[in-house]
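S.K.: Have a peek at work_17.pdb (PDB, C-alpha atoms).
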```pdb
ATOM      1  CA  MET A   1       3.299 -24.866 -11.480
ATOM      2  CA  HIS A   2       6.001 -22.505 -10.369
ATOM      3  CA  VAL A   3       6.064 -18.794  -9.482
ATOM      4  CA  GLU A   4       9.225 -16.908  -8.630
ATOM      5  CA  LEU A   5      10.398 -13.341  -8.096
ATOM      6  CA  ARG A   6      14.007 -12.482  -8.943
ATOM      7  CA  ASP A   7      16.046  -9.495  -7.798
ATOM      8  CA  ARG A   8      18.803 -10.184 -10.358
ATOM      9  CA  PRO A   9      18.777 -10.396 -14.175
ATOM     10  CA  PHE A  10      17.671 -13.754 -15.561
ATOM     11  CA  GLU A  11      17.788 -15.450 -18.948
ATOM     12  CA  PRO A  12      14.207 -16.436 -19.831
ATOM     13  CA  TYR A  13      15.002 -18.955 -22.558
ATOM     14  CA  ALA A  14      17.507 -20.824 -20.404
ATOM     15  CA  GLU A  15      14.957 -20.853 -17.551
ATOM     16  CA  LEU A  16      12.276 -22.140 -19.907
ATOM     17  CA  GLN A  17      14.475 -24.953 -21.188
ATOM     18  CA  ALA A  18      15.652 -25.955 -17.711
ATOM     19  CA  TYR A  19      12.120 -26.001 -16.288
ATOM     20  CA  GLU A  20      10.773 -27.969 -19.228
ATOM     21  CA  THR A  21      13.519 -30.576 -19.017
ATOM     22  CA  ALA A  22      13.098 -31.000 -15.268
ATOM     23  CA  ASN A  23       9.313 -30.899 -14.989
ATOM     24  CA  ILE A  24       7.360 -31.599 -18.171
ATOM     25  CA  PRO A  25       7.154 -35.243 -19.292
ATOM     26  CA  ALA A  26       8.649 -35.610 -22.761
ATOM     27  CA  GLY A  27       6.098 -36.749 -25.301
ATOM     28  CA  LYS A  28       3.096 -35.540 -23.294
ATOM     29  CA  PHE A  29       2.992 -31.920 -24.438
ATOM     30  CA  GLY A  30       2.413 -30.652 -27.941
ATOM     31  CA  ALA A  31       2.313 -26.919 -27.276
ATOM     32  CA  THR A  32       4.459 -24.519 -25.301
ATOM     33  CA  GLY A  33       3.127 -20.972 -24.977
ATOM     34  CA  VAL A  34       5.661 -18.312 -24.029
ATOM     35  CA  PHE A  35       5.579 -14.606 -23.304
ATOM     36  CA  VAL A  36       8.696 -12.603 -22.454
ATOM     37  CA  GLY A  37       8.377  -8.979 -21.390
ATOM     38  CA  THR A  38      11.505  -6.835 -21.715
ATOM     39  CA  MET A  39      12.335  -3.347 -20.486
ATOM     40  CA  ARG A  40      12.210  -0.624 -23.150
ATOM     41  CA  ASP A  41      14.469   2.440 -23.112
ATOM     42  CA  PHE A  42      11.505   4.719 -23.925
ATOM     43  CA  ASN A  43       8.071   5.375 -22.467
ATOM     44  CA  GLU A  44       5.480   8.027 -23.292
ATOM     45  CA  GLY A  45       7.946   9.873 -25.481
ATOM     46  CA  ASP A  46      10.760  10.004 -22.922
ATOM     47  CA  ALA A  47      14.077   8.187 -22.761
ATOM     48  CA  VAL A  48      14.161   5.858 -19.748
ATOM     49  CA  GLN A  49      17.561   5.159 -18.192
ATOM     50  CA  THR A  50      16.729   2.623 -15.490
ATOM     51  CA  MET A  51      13.730   1.327 -13.622
ATOM     52  CA  TRP A  52      12.863   0.220 -10.084
ATOM     53  CA  LEU A  53      10.230  -2.461  -9.656
ATOM     54  CA  GLU A  54       8.507  -2.461  -6.274
ATOM     55  CA  HIS A  55       6.186  -5.247  -5.115
ATOM     56  CA  TYR A  56       4.097  -6.270  -2.121
ATOM     57  CA  PRO A  57       6.037  -9.139  -0.526
ATOM     58  CA  GLY A  58       3.647 -12.001   0.102
ATOM     59  CA  MET A  59       0.682 -10.685  -1.865
ATOM     60  CA  THR A  60       2.512 -10.568  -5.192
ATOM     61  CA  GLU A  61       3.577 -14.217  -4.975
ATOM     62  CA  LYS A  62       0.136 -15.223  -3.707
ATOM     63  CA  TYR A  63      -1.604 -13.434  -6.583
ATOM     64  CA  LEU A  64       0.629 -15.044  -9.206
ATOM     65  CA  GLN A  65      -0.043 -18.464  -7.655
ATOM     66  CA  THR A  66      -3.780 -17.790  -7.652
ATOM     67  CA  ILE A  67      -3.881 -16.928 -11.357
ATOM     68  CA  SER A  68      -1.668 -19.913 -12.188
ATOM     69  CA  ILE A  69      -4.171 -22.198 -10.441
ATOM     70  CA  GLN A  70      -7.049 -20.430 -12.190
ATOM     71  CA  ALA A  71      -5.389 -20.831 -15.589
ATOM     72  CA  ALA A  72      -5.054 -24.579 -15.066
ATOM     73  CA  GLN A  73      -8.612 -24.967 -13.740
ATOM     74  CA  ASP A  74     -10.178 -23.324 -16.769
ATOM     75  CA  ARG A  75      -8.235 -25.095 -19.504
ATOM     76  CA  PRO A  76      -6.229 -28.319 -19.950
ATOM     77  CA  LEU A  77      -2.710 -27.215 -18.975
ATOM     78  CA  LEU A  78       0.067 -29.588 -18.024
ATOM     79  CA  ASP A  79       2.118 -26.962 -16.202
ATOM     80  CA  SER A  80       3.002 -23.260 -15.996
ATOM     81  CA  LEU A  81       5.980 -21.122 -15.054
ATOM     82  CA  ILE A  82       6.073 -17.431 -14.092
ATOM     83  CA  ILE A  83       9.313 -15.601 -13.310
ATOM     84  CA  HIS A  84       9.123 -11.850 -12.634
ATOM     85  CA  ARG A  85      11.860  -9.344 -11.842
ATOM     86  CA  ILE A  86      11.851  -6.983  -8.889
ATOM     87  CA  GLY A  87      14.342  -4.293  -7.910
ATOM     88  CA  HIS A  88      16.746  -2.416 -10.189
ATOM     89  CA  ILE A  89      16.233  -3.070 -13.920
ATOM     90  CA  GLU A  90      18.181  -1.850 -16.964
ATOM     91  CA  PRO A  91      16.881  -1.398 -20.528
ATOM     92  CA  ALA A  92      16.866  -4.697 -22.466
ATOM     93  CA  ASP A  93      16.625  -6.722 -19.242
ATOM     94  CA  PRO A  94      13.830  -9.296 -19.317
ATOM     95  CA  ILE A  95      11.132  -8.385 -16.773
ATOM     96  CA  VAL A  96       8.741 -11.297 -16.993
ATOM     97  CA  LEU A  97       8.577 -14.827 -18.356
ATOM     98  CA  VAL A  98       5.252 -16.620 -18.603
ATOM     99  CA  ALA A  99       5.336 -20.135 -20.034
ATOM    100  CA  VAL A 100       2.664 -22.824 -20.233
ATOM    101  CA  TRP A 101       2.574 -26.374 -21.521
ATOM    102  CA  SER A 102      -0.436 -28.212 -22.926
ATOM    103  CA  ALA A 103      -1.308 -30.994 -25.334
ATOM    104  CA  HIS A 104      -2.746 -28.626 -27.943
ATOM    105  CA  ARG A 105      -2.149 -25.016 -28.987
ATOM    106  CA  SER A 106      -5.515 -23.533 -28.056
ATOM    107  CA  ALA A 107      -5.039 -23.891 -24.298
ATOM    108  CA  ALA A 108      -1.440 -22.687 -24.529
ATOM    109  CA  PHE A 109      -2.232 -19.480 -26.467
ATOM    110  CA  ASP A 110      -5.242 -18.772 -24.290
ATOM    111  CA  ALA A 111      -3.486 -19.390 -20.963
ATOM    112  CA  VAL A 112      -0.545 -17.126 -21.779
ATOM    113  CA  ARG A 113      -2.926 -14.319 -22.686
ATOM    114  CA  PHE A 114      -4.989 -14.888 -19.540
ATOM    115  CA  LEU A 115      -1.941 -14.953 -17.250
ATOM    116  CA  MET A 116      -0.376 -11.836 -18.760
ATOM    117  CA  GLU A 117      -3.589  -9.811 -18.671
ATOM    118  CA  GLU A 118      -4.273 -10.782 -15.047
ATOM    119  CA  LEU A 119      -0.664 -10.069 -14.107
ATOM    120  CA  LYS A 120      -0.633  -6.663 -15.815
ATOM    121  CA  SER A 121      -3.942  -5.538 -14.352
ATOM    122  CA  LYS A 122      -3.891  -6.980 -10.820
ATOM    123  CA  ALA A 123      -0.516  -8.341  -9.652
ATOM    124  CA  PRO A 124       0.897  -5.825  -7.129
ATOM    125  CA  PHE A 125       4.003  -4.519  -8.889
ATOM    126  CA  TRP A 126       4.847  -0.856  -9.431
ATOM    127  CA  LYS A 127       7.395   0.606 -11.843
ATOM    128  CA  LYS A 128       9.385   3.717 -11.100
ATOM    129  CA  GLU A 129      11.332   5.082 -14.066
ATOM    130  CA  THR A 130      14.523   7.111 -13.939
ATOM    131  CA  LEU A 131      14.593   9.717 -16.723
ATOM    132  CA  THR A 132      17.269  12.302 -17.446
ATOM    133  CA  GLY A 133      15.219  14.853 -15.518
ATOM    134  CA  GLY A 134      14.408  12.700 -12.464
ATOM    135  CA  ASP A 135      12.191   9.823 -11.354
ATOM    136  CA  ARG A 136       8.498   9.124 -11.984
ATOM    137  CA  TRP A 137       6.067   6.348 -11.116
ATOM    138  CA  VAL A 138       4.382   4.705 -14.092
ATOM    139  CA  GLU A 139       0.712   5.535 -13.551
ATOM    140  CA  LYS A 140      -0.941   2.676 -15.395
ATOM    141  CA  ASN A 141      -0.280  -0.151 -17.812
ATOM    142  CA  THR A 142      -1.311   0.136 -21.432
ATOM    143  CA  PRO A 143      -4.361  -1.959 -22.398
ATOM    144  CA  GLY A 144      -3.487  -5.428 -23.726
TER     145      GLY A 144
ATOM    146  CA  MET B 145      -3.215  -7.208  18.652
ATOM    147  CA  SER B 146      -3.835  -4.422  16.201
ATOM    148  CA  VAL B 147      -4.483  -3.759  12.534
ATOM    149  CA  GLU B 148      -1.458  -2.993  10.388
ATOM    150  CA  VAL B 149      -1.971  -0.625   7.452
ATOM    151  CA  LYS B 150       0.615  -0.638   4.649
ATOM    152  CA  PHE B 151       1.109   1.839   1.797
ATOM    153  CA  PHE B 152       2.965   1.155  -1.430
ATOM    154  CA  ALA B 153       4.684   2.913  -4.328
ATOM    155  CA  GLY B 154       3.649   6.465  -5.229
ATOM    156  CA  LEU B 155       1.005   6.500  -2.519
ATOM    157  CA  ARG B 156       3.615   5.733   0.160
ATOM    158  CA  GLU B 157       5.789   8.588  -1.094
ATOM    159  CA  GLN B 158       2.891  10.992  -1.364
ATOM    160  CA  LEU B 159       1.686  10.252   2.166
ATOM    161  CA  GLN B 160       5.244   9.876   3.490
ATOM    162  CA  ARG B 161       4.039   6.851   5.393
ATOM    163  CA  ASP B 162       4.734   3.171   4.841
ATOM    164  CA  VAL B 163       3.134   1.484   7.851
ATOM    165  CA  TYR B 164       0.519   2.653  10.316
ATOM    166  CA  LEU B 165      -0.665   0.649  13.319
ATOM    167  CA  LEU B 166      -4.324   0.934  14.246
ATOM    168  CA  GLU B 167      -5.406  -0.062  17.713
ATOM    169  CA  ALA B 168      -7.742  -3.038  17.855
ATOM    170  CA  GLY B 169     -11.315  -1.946  17.183
ATOM    171  CA  ALA B 170     -10.335   1.538  15.992
ATOM    172  CA  ALA B 171     -11.559   0.909  12.440
ATOM    173  CA  ALA B 172     -14.558  -1.256  11.562
ATOM    174  CA  THR B 173     -13.994  -1.086   7.801
ATOM    175  CA  VAL B 174     -11.247  -0.513   5.245
ATOM    176  CA  ALA B 175     -12.686   2.966   4.615
ATOM    177  CA  GLU B 176     -12.288   3.853   8.279
ATOM    178  CA  ALA B 177      -8.763   2.478   8.280
ATOM    179  CA  TRP B 178      -7.973   4.815   5.372
ATOM    180  CA  ARG B 179      -9.457   7.826   7.140
ATOM    181  CA  ILE B 180      -7.577   7.228  10.388
ATOM    182  CA  SER B 181      -4.249   6.137   8.929
ATOM    183  CA  THR B 182      -4.053   9.064   6.476
ATOM    184  CA  ASP B 183      -5.414  11.748   8.825
ATOM    185  CA  GLY B 184      -8.445  12.132   6.583
ATOM    186  CA  GLN B 185      -6.714  12.547   3.216
ATOM    187  CA  PRO B 186      -9.109  12.418   0.232
ATOM    188  CA  THR B 187      -9.420   8.979  -1.331
ATOM    189  CA  PRO B 188      -7.719   8.746  -4.743
ATOM    190  CA  GLY B 189     -10.204   7.670  -7.407
ATOM    191  CA  ASN B 190      -8.015   4.798  -8.547
ATOM    192  CA  LEU B 191      -7.087   3.544  -5.061
ATOM    193  CA  LEU B 192      -6.759  -0.227  -4.629
ATOM    194  CA  CYS B 193      -7.041  -1.995  -1.292
ATOM    195  CA  ALA B 194      -6.331  -5.437   0.081
ATOM    196  CA  VAL B 195      -6.970  -7.179   3.385
ATOM    197  CA  ASN B 196      -4.694 -10.066   4.300
ATOM    198  CA  MET B 197      -3.264  -9.913   0.771
ATOM    199  CA  GLU B 198      -6.613 -10.317  -1.036
ATOM    200  CA  TYR B 199      -8.302  -7.547  -3.000
ATOM    201  CA  VAL B 200     -11.355  -6.150  -1.189
ATOM    202  CA  ASP B 201     -13.854  -3.314  -1.548
ATOM    203  CA  PHE B 202     -13.580  -0.141   0.493
ATOM    204  CA  ASP B 203     -16.476  -1.164   2.769
ATOM    205  CA  HIS B 204     -14.881  -4.495   3.690
ATOM    206  CA  PRO B 205     -15.115  -5.145   7.470
ATOM    207  CA  LEU B 206     -11.965  -5.427   9.570
ATOM    208  CA  LYS B 207     -11.085  -7.647  12.501
ATOM    209  CA  ASP B 208      -8.234  -7.618  14.964
ATOM    210  CA  GLY B 209      -4.973  -8.837  13.428
ATOM    211  CA  ASP B 210      -5.882  -7.944   9.841
ATOM    212  CA  GLU B 211      -3.284  -6.528   7.479
ATOM    213  CA  VAL B 212      -4.664  -3.741   5.297
ATOM    214  CA  ALA B 213      -2.850  -2.404   2.228
ATOM    215  CA  PHE B 214      -3.507   0.658   0.087
ATOM    216  CA  PHE B 215      -1.846   1.155  -3.269
ATOM    217  CA  PRO B 216      -2.151   2.812  -6.689
ATOM    218  CA  PRO B 217      -2.920   0.980  -9.970
ATOM    219  CA  VAL B 218      -0.401  -1.784 -10.582
ATOM    220  CA  THR B 219       2.182  -1.565 -13.363
ATOM    221  CA  GLY B 220       4.032  -4.891 -13.511
ATOM    222  CA  GLY B 221       4.818  -7.156 -16.442
TER     223      GLY B 221
END
```
Could you rewrite the structure in this file as structure tokens?

M.R.:
Amino acid sequence: MHVELRDRPFEPYAELQAYETANIPAGKFGATGVFVGTMRDFNEGDAVQTMWLEHYPGMTEKYLQTISIQAAQDRPLLDSLIIHRIGHIEPADPIVLVAVWSAHRSAAFDAVRFLMEELKSKAPFWKKETLTGGDRWVEKNTPG
Amino acid sequence: MSVEVKFFAGLREQLQRDVYLLEAGAAATVAEAWRISTDGQPTPGNLLCAVNMEYVDFDHPLKDGDEVAFFPPVTGG
């Protein structure tokens, strides 16, 4: 189980491959569930130029660890990986990678959904968008 | 010792305040910490609060050394 915040762009598929090779025993997993969230250049009808992602140092990491533990307690997971961006973000930059490994697909699909919904609704991150006319805080996430 | 109150994101900008130190014993609950640290500002309907980095209700009791945080709905992912 690994949780990490990054203040620089990252390549989710390279991270996924590297983590899997280093940590997940070959032959023991049959399913890898993956979600990658990427920054759009539009939101609520407006063009978005850049974004700032604020977090609560300490609580954000703790919350992501808590839901990772919860995900593995409630279903048979071999391992999980969460990487989330903070700081300055450009359109098309990956924002979040959630990956899980399990023997069978049911736990993998279910755990990715669980982790993303918990992350979106409770993990202390806040997005501030830069539009052509100025900055605005994103008020709430869209329902899953 | 004291109780540290932190504000995040749009709430921090709106209140123009990021950290407020409460004297020990000044606030018995999170609600009182809000009232004192914001000079009695109305409570936003969607306000979230945490004590020692765990989500709590507004009536959660406080003790010396606690870290309280107030913030708006989260928008990560």

S.K.: For the interface of chain B with chain A (cut-off 12 Å, counting all atoms listed in the file), please tabulate each contacting residue of chain B alongside its nearest pair of atoms and their separation in Å to one decimal, rows sorted by chain and increasing number, as a tab-separated table.

M.R.:
```
residue	atom	partner	partner_atom	distance
B:Lys150	CA	A:Tyr56	CA	9.5
B:Phe151	CA	A:Tyr56	CA	9.5
B:Phe152	CA	A:Tyr56	CA	7.5
B:Ala153	CA	A:Trp126	CA	6.3
B:Gly154	CA	A:Trp137	CA	6.4
B:Leu155	CA	A:Trp137	CA	10.0
B:Arg156	CA	A:Glu54	CA	11.5
B:Glu157	CA	A:Trp137	CA	10.3
B:Gln158	CA	A:Trp137	CA	11.3
B:Asp162	CA	A:Tyr56	CA	11.7
B:Asn190	CA	A:Lys140	CA	10.1
B:Leu191	CA	A:Glu139	CA	11.7
B:Leu192	CA	A:Lys122	CA	9.6
B:Cys193	CA	A:Pro124	CA	10.6
B:Ala194	CA	A:Met59	CA	9.0
B:Val195	CA	A:Met59	CA	9.9
B:Asn196	CA	A:Met59	CA	8.2
B:Met197	CA	A:Met59	CA	4.8
B:Glu198	CA	A:Met59	CA	7.4
B:Tyr199	CA	A:Lys122	CA	9.0
B:Glu211	CA	A:Met59	CA	11.0
B:Val212	CA	A:Met59	CA	11.3
B:Ala213	CA	A:Tyr56	CA	9.1
B:Phe214	CA	A:Tyr56	CA	10.5
B:Phe215	CA	A:Pro124	CA	8.4
B:Pro216	CA	A:Glu139	CA	7.9
B:Pro217	CA	A:Lys140	CA	6.0
B:Val218	CA	A:Trp126	CA	5.5
B:Thr219	CA	A:Trp126	CA	4.8
B:Gly220	CA	A:Phe125	CA	4.6
B:Gly221	CA	A:Lys120	CA	5.5
```

S.K.: Since I can't run it myself right now, could you work out what the PyMOL selection byres ((chain B and resi 181-188) around 9) selects here and report it as a VMD selection string?

M.R.: chain B and resid 149 159 161 163 to 166 176 to 180 189 to 191 216

S.K.: Provide the CA of Ala170 (chain B) to CA of Phe202 (chain B) distance in Å, to one decimal place.

M.R.: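 Computed distance, CA of Ala170 (chain B) to CA of Phe202 (chain B), equals 15.9 Å.
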
S.K.: Could you check how far CA of Ala31 (chain A) sits from CA of Gln70 (chain A), in Å to one decimal?

M.R.: 18.9 Å

S.K.: Grab the CA of Asp135 (chain A) to CA of Leu5 (chain A) distance for me, in Å with one decimal place.

M.R.: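 Separation between CA of Asp135 (chain A) and CA of Leu5 (chain A): 23.5 Å.
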
S.K.: From the options A:Ala108, A:Ile83, A:Val100, A:Leu131, which residue's atoms come nearest to Val3 (chain A), counting all atoms listed in the file?

M.R.: A:Ile83

S.K.: Ile69 (chain A): which residues within 12 Å, counting all atoms listed in the file, same-chain residues fewer than 6 positions away excluded, as a ChimeraX atom specification?

M.R.: /A:1-3,62-63,75-82,100,111,114-115

S.K.: Please identify all polymer residues lying at most 9 Å from the point (23.7, -6.6, -16.6) (file coordinates), using all atoms listed in the file, and present the result as a ChimeraX atom specification.

M.R.: /A:8-9,89-90,93

S.K.: Padding 3 Å on each side, edges along x, y and z: where is the centre of the box around the listed atoms of region 124-135 of chain A, and how long are its edges in Å to one decimal? Output it as JSON.

M.R.:
```
{"center_x": 9.1, "center_y": 4.5, "center_z": -12.3, "size_x": 22.4, "size_y": 26.7, "size_z": 16.3}
```

S.K.: Contacts of Gly209 (chain B) at 9 Å or less, counting only C-alpha atoms, minus same-chain residues fewer than 6 places along, as a PyMOL selection string?

M.R.: chain B and resi 145-148+168
